[in-house]
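What follows is one structure encoded as structure tokens, with my remarks underneath.
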Amino acid sequence: DAWCRIRFETSYSSPLMYANNLYLNGELVTEVVVPEGITSLDETFANCSKLASVTFGAKITAMRNTAFGKTGFKTVTIPGHIRSIADNAFTTCPNLTTVIVEEGVTSLGYRALASCKVLTDVSLPSTLTAFGAGAFLSCYALEEITIPEKITKITADMFLDCRVLKTVNLPEGLQTLTSRAFYKCVELENINLPATLTTIEKNVFYLCRGLKEITMEYDPAGDALLAKVEKDSTLVQFRPGSVVILFPEDAHAPSMDLHGTALVQKYIAKVEVTE
């Protein structure tokens with residue numbers, strides 16, 4: 001209880017930044033039950049490398065920056081009464097494989113799960129409305145994820161360097177893919193884009209060398225959309241007539257740049273990018 005009540009201004013304020021292990025009454029702390037009287041946590045357990053589990057008290061509603069960064073968790077369940085998961089909250093947890101975010105949580109902060117390199121399973125609630133940039137950056141083992149239906153933006157660097165990411169289920173209602181969202185997702189071969197998408201920013205699929213197919217719904221009765229794909233300064237126009245953009249095997253993704261006027265909007269077409 002006493003440790004949870006200490007306010008650390010930054011993670012560098014805590015002795016755990018250097019000691020890495022916490023002992024209470026001479027015993028190494030590997031499990032924590034956050035007391036009922038605690039309503040928020042600061043950098044309370046950051047860098048506590050042997051901490052393997054946490055149970056949150058019912059009154060805690062806020063988790064602040066780097067609260068559990070670099071801890072030893074293998075699995076963590078974040079209850080719905082914690083409305084916002086702070087920036088870097090679970091960053092760089094080397095053993096973390098499973099994260100369950102329960103209904104009620106509305107936001108996942110900047111790099112909240114970044115560099116959790118063995119993370120394989122993530123369950124997100126329907127109440128989630130926002131991600132911070134780089135939320136899953138460098139999660140090397142993450143293969144599949146489903147984005148909740150209230151999300152309208154995939155933020156910058158959100159899946160950057162997720163090296164084995166193969167399946168991303170995007171919701172209807174999504175409007176924006178922000179810069180470098182899937183940068184260096186080298187195993188990503190295809191992705192379905194919702195008809196609500198209006199903006200694809202710069203370098204969203206940069207270094208996605210395995211990307212072969214992007215599928216998007218369209219209204220064949222609508223007017224032609226003239227969008228552009230830049231490939232070595234070659235411009236290709238989209239028109240309704242198909243629902244697939246095809247990148248041939250010899251069209252390497254690093255030279256693909258969808259941004260600015262290259263907005264995939266209401267209608268889509270089949271495009272074969274050639275040398």
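Residues are referred to by chain and number: the chain letter is A, B, ... according to the order shown in the structure tokens, the number counts from 1 in that chain, and ligands are numbered separately from 1 in the order shown.
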* To do: Extract, using only C-alpha atoms, all DNA, RNA and protein residues at most 7 Å from Arg83 of chain A, discarding same-chain residues fewer than 2 positions from it, and format them as a ChimeraX atom specification.
  => /A:61-62,80-81,85,104-107
* **Residues of segment 55-152 of chain A in strand (DSSP E), written as a ChimeraX atom specification** => /A:55,62-63,75-78,84-85,98-101,107-108,121-123,130-131,144-146
* Name the residues in contact with segment 10-15 of chain A at a cut-off of 7 Å, using only C-alpha atoms, excluding same-chain residues fewer than 4 positions from it; report them as a ChimeraX atom specification. => /A:19,43,46
Residues of the last selection are to be written out with N, CA, C and O atoms, as a PDB file, in the first residue's frame.
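Output file out_36.pdb follows:
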```pdb
ATOM      1  N   ALA A  19      17.684  -0.350  -9.616  1.00  0.00           N
ATOM      2  CA  ALA A  19      17.724  -1.592  -8.840  1.00  0.00           C
ATOM      3  C   ALA A  19      17.013  -2.733  -9.546  1.00  0.00           C
ATOM      4  O   ALA A  19      17.385  -3.902  -9.378  1.00  0.00           O
ATOM      5  N   GLU A  43       4.669   6.050 -12.256  1.00  0.00           N
ATOM      6  CA  GLU A  43       5.708   5.118 -12.699  1.00  0.00           C
ATOM      7  C   GLU A  43       6.034   4.133 -11.581  1.00  0.00           C
ATOM      8  O   GLU A  43       7.177   3.771 -11.337  1.00  0.00           O
ATOM      9  N   ALA A  46       7.518   0.626 -12.824  1.00  0.00           N
ATOM     10  CA  ALA A  46       8.358   0.613 -14.019  1.00  0.00           C
ATOM     11  C   ALA A  46       9.740   0.049 -13.689  1.00  0.00           C
ATOM     12  O   ALA A  46      10.313   0.355 -12.641  1.00  0.00           O
TER      13      ALA A  46
END
```
* Suppose you want the space between atom CA of Ala52 of chain A and atom CA of Lys70 of chain A; what is it in Å? ->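 One can read the atom CA of Ala52 of chain A to atom CA of Lys70 of chain A distance as 10.8 Å.
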* Asked: Do you know which residues are at most 12 Å from Leu24 of chain A counting only C-alpha atoms, after dropping those on the same chain fewer than 6 positions away, and could you put them as a list in words?
  -> Asp1, Ala2, Trp3, Thr30, Glu31 and Val32 of chain A
* Asked: Hey, what's within 7 Å of Val118 of chain A if we count only C-alpha atoms and toss same-chain stuff fewer than 5 positions away? As a list in words, please?
  ->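 Residues near the query, excluding close chain neighbours: Pro94, Asn95, Leu96, Thr97, Cys139, Tyr140 and Ala141 of chain A.
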* Neighbour list for Ile154 of chain A as a list in words, cut-off 7 Å, only C-alpha atoms, skip fewer than 6 positions in-chain ->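 Near Ile154 of chain A, the qualifying residues are Thr176, Leu177, Thr178 and Ala181 of chain A.
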* Long-range neighbours of segment 109-113 of chain A as a list of chain:residue names, 6 Å cut-off, only C-alpha atoms, 6 positions minimum in chain -> A:Ile85, A:Ala86, A:Asp87, A:Asn88, A:Ala89, A:Phe90, A:Thr91, A:Phe131, A:Gly132, A:Ala133, A:Gly134, A:Ala135, A:Phe136
* To do: Once DSSP has gone over the backbone, tell me which residues of segment 2-206 of chain A are in helix (DSSP H, G or I), as a PyMOL selection string.
  => chain A and resi 3-5+11-13+16-19
Could the residues in this selection be saved with all heavy atoms as a PDB file, in the first residue's frame?
```pdb
ATOM      1  N   TRP A   3       3.982   1.717  -0.986  1.00  0.00           N
ATOM      2  CA  TRP A   3       4.710   1.917  -2.249  1.00  0.00           C
ATOM      3  C   TRP A   3       3.782   2.475  -3.322  1.00  0.00           C
ATOM      4  O   TRP A   3       4.177   3.361  -4.097  1.00  0.00           O
ATOM      5  CB  TRP A   3       5.330   0.603  -2.698  1.00  0.00           C
ATOM      6  CG  TRP A   3       6.177   0.744  -3.940  1.00  0.00           C
ATOM      7  CD1 TRP A   3       5.814   0.470  -5.217  1.00  0.00           C
ATOM      8  CD2 TRP A   3       7.519   1.205  -3.989  1.00  0.00           C
ATOM      9  NE1 TRP A   3       6.848   0.733  -6.088  1.00  0.00           N
ATOM     10  CE2 TRP A   3       7.913   1.181  -5.355  1.00  0.00           C
ATOM     11  CE3 TRP A   3       8.443   1.634  -3.033  1.00  0.00           C
ATOM     12  CZ2 TRP A   3       9.187   1.577  -5.775  1.00  0.00           C
ATOM     13  CZ3 TRP A   3       9.710   2.024  -3.453  1.00  0.00           C
ATOM     14  CH2 TRP A   3      10.061   1.998  -4.812  1.00  0.00           C
ATOM     15  N   CYS A   4       2.564   1.995  -3.378  1.00  0.00           N
ATOM     16  CA  CYS A   4       1.601   2.450  -4.390  1.00  0.00           C
ATOM     17  C   CYS A   4       1.210   3.904  -4.199  1.00  0.00           C
ATOM     18  O   CYS A   4       0.746   4.556  -5.147  1.00  0.00           O
ATOM     19  CB  CYS A   4       0.344   1.578  -4.365  1.00  0.00           C
ATOM     20  SG  CYS A   4       0.590  -0.104  -4.964  1.00  0.00           S
ATOM     21  N   ARG A   5       1.385   4.422  -2.987  1.00  0.00           N
ATOM     22  CA  ARG A   5       0.999   5.806  -2.706  1.00  0.00           C
ATOM     23  C   ARG A   5       2.110   6.804  -2.998  1.00  0.00           C
ATOM     24  O   ARG A   5       1.888   8.022  -2.961  1.00  0.00           O
ATOM     25  CB  ARG A   5       0.542   5.943  -1.253  1.00  0.00           C
ATOM     26  CG  ARG A   5      -0.736   5.172  -0.956  1.00  0.00           C
ATOM     27  CD  ARG A   5      -1.223   5.373   0.462  1.00  0.00           C
ATOM     28  NE  ARG A   5      -2.385   4.529   0.737  1.00  0.00           N
ATOM     29  CZ  ARG A   5      -3.623   4.828   0.383  1.00  0.00           C
ATOM     30  NH1 ARG A   5      -3.861   5.967  -0.259  1.00  0.00           N
ATOM     31  NH2 ARG A   5      -4.621   4.014   0.659  1.00  0.00           N
ATOM     32  N   SER A  11       9.971   8.078 -14.365  1.00  0.00           N
ATOM     33  CA  SER A  11      10.533   6.758 -14.058  1.00  0.00           C
ATOM     34  C   SER A  11      11.947   6.872 -13.510  1.00  0.00           C
ATOM     35  O   SER A  11      12.416   5.998 -12.784  1.00  0.00           O
ATOM     36  CB  SER A  11      10.517   5.875 -15.310  1.00  0.00           C
ATOM     37  OG  SER A  11      11.252   6.479 -16.354  1.00  0.00           O
ATOM     38  N   TYR A  12      12.635   7.967 -13.836  1.00  0.00           N
ATOM     39  CA  TYR A  12      13.995   8.172 -13.324  1.00  0.00           C
ATOM     40  C   TYR A  12      13.991   8.551 -11.853  1.00  0.00           C
ATOM     41  O   TYR A  12      15.023   8.528 -11.190  1.00  0.00           O
ATOM     42  CB  TYR A  12      14.700   9.257 -14.136  1.00  0.00           C
ATOM     43  CG  TYR A  12      14.968   8.849 -15.561  1.00  0.00           C
ATOM     44  CD1 TYR A  12      14.090   9.206 -16.578  1.00  0.00           C
ATOM     45  CD2 TYR A  12      16.090   8.101 -15.891  1.00  0.00           C
ATOM     46  CE1 TYR A  12      14.330   8.823 -17.889  1.00  0.00           C
ATOM     47  CE2 TYR A  12      16.343   7.711 -17.197  1.00  0.00           C
ATOM     48  CZ  TYR A  12      15.448   8.074 -18.196  1.00  0.00           C
ATOM     49  OH  TYR A  12      15.683   7.683 -19.489  1.00  0.00           O
ATOM     50  N   SER A  13      12.813   8.924 -11.325  1.00  0.00           N
ATOM     51  CA  SER A  13      12.708   9.256  -9.905  1.00  0.00           C
ATOM     52  C   SER A  13      12.681   8.010  -9.028  1.00  0.00           C
ATOM     53  O   SER A  13      12.966   8.081  -7.831  1.00  0.00           O
ATOM     54  CB  SER A  13      11.435  10.069  -9.651  1.00  0.00           C
ATOM     55  OG  SER A  13      11.390  11.226 -10.454  1.00  0.00           O
ATOM     56  N   LEU A  16      13.766   1.888  -8.739  1.00  0.00           N
ATOM     57  CA  LEU A  16      13.655   0.715  -9.608  1.00  0.00           C
ATOM     58  C   LEU A  16      14.315   0.948 -10.964  1.00  0.00           C
ATOM     59  O   LEU A  16      14.622  -0.012 -11.674  1.00  0.00           O
ATOM     60  CB  LEU A  16      12.187   0.337  -9.804  1.00  0.00           C
ATOM     61  CG  LEU A  16      11.498  -0.322  -8.609  1.00  0.00           C
ATOM     62  CD1 LEU A  16      10.004  -0.473  -8.873  1.00  0.00           C
ATOM     63  CD2 LEU A  16      12.131  -1.678  -8.305  1.00  0.00           C
ATOM     64  N   MET A  17      14.513   2.209 -11.311  1.00  0.00           N
ATOM     65  CA  MET A  17      15.196   2.512 -12.563  1.00  0.00           C
ATOM     66  C   MET A  17      16.581   1.882 -12.571  1.00  0.00           C
ATOM     67  O   MET A  17      17.105   1.497 -13.614  1.00  0.00           O
ATOM     68  CB  MET A  17      15.299   4.034 -12.737  1.00  0.00           C
ATOM     69  CG  MET A  17      15.991   4.476 -14.007  1.00  0.00           C
ATOM     70  SD  MET A  17      14.967   4.075 -15.457  1.00  0.00           S
ATOM     71  CE  MET A  17      16.115   4.536 -16.763  1.00  0.00           C
ATOM     72  N   TYR A  18      17.150   1.731 -11.400  1.00  0.00           N
ATOM     73  CA  TYR A  18      18.515   1.219 -11.296  1.00  0.00           C
ATOM     74  C   TYR A  18      18.567  -0.135 -10.592  1.00  0.00           C
ATOM     75  O   TYR A  18      19.385  -0.988 -10.928  1.00  0.00           O
ATOM     76  CB  TYR A  18      19.375   2.240 -10.538  1.00  0.00           C
ATOM     77  CG  TYR A  18      19.218   3.627 -11.099  1.00  0.00           C
ATOM     78  CD1 TYR A  18      18.351   4.543 -10.510  1.00  0.00           C
ATOM     79  CD2 TYR A  18      19.892   4.008 -12.260  1.00  0.00           C
ATOM     80  CE1 TYR A  18      18.182   5.813 -11.041  1.00  0.00           C
ATOM     81  CE2 TYR A  18      19.728   5.280 -12.797  1.00  0.00           C
ATOM     82  CZ  TYR A  18      18.869   6.182 -12.197  1.00  0.00           C
ATOM     83  OH  TYR A  18      18.698   7.421 -12.742  1.00  0.00           O
ATOM     84  N   ALA A  19      17.684  -0.350  -9.616  1.00  0.00           N
ATOM     85  CA  ALA A  19      17.724  -1.592  -8.840  1.00  0.00           C
ATOM     86  C   ALA A  19      17.013  -2.733  -9.546  1.00  0.00           C
ATOM     87  O   ALA A  19      17.385  -3.902  -9.378  1.00  0.00           O
ATOM     88  CB  ALA A  19      17.105  -1.364  -7.467  1.00  0.00           C
TER      89      ALA A  19
END
```
* Compare A:Val186, A:Val168, A:Ala58, A:Cys48 by their minimum atom-to-atom distance to Leu28 of chain A, counting only C-alpha atoms, and give me the closest one. => A:Cys48
* To do: Could you please determine the separation between atom CA of Leu137 of chain A and atom CA of Phe159 of chain A in Å, to one decimal place?
  =>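 So the two atoms, atom CA of Leu137 of chain A and atom CA of Phe159 of chain A, lie 5.0 Å apart.
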* To do: Tell me, in Å to one decimal, how far atom CA of Ser49 of chain A is from atom CA of Gly26 of chain A.
  =>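 Atom-to-atom, atom CA of Ser49 of chain A to atom CA of Gly26 of chain A, that is 16.8 Å.
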* Go through A:Pro171, A:Gly57, A:Gly69, A:Pro125 one by one, measure the shortest atom-to-atom distance of each to Val33 of chain A using only C-alpha atoms, and give the residue with the smallest value. =>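 Among the listed residues, the smallest separation from Val33 of chain A belongs to A:Gly57.
Each of A:Thr129, A:Thr146, A:Thr120, A:Ser115 was checked against Ser84 of chain A using only C-alpha atoms; the smallest atom-to-atom distance is that of A:Thr129.
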* Quick one: of A:Thr66, A:Asn192, A:Thr92, A:Thr155, who's nearest to Phe45 of chain A, counting only C-alpha atoms? ->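 For Phe45 of chain A, the nearest of the given residues is A:Thr66.
Using only C-alpha atoms, the smallest distance between any of A:Ala114, A:Pro194, A:Asn25, A:Val122 and Glu149 of chain A comes from A:Pro194.
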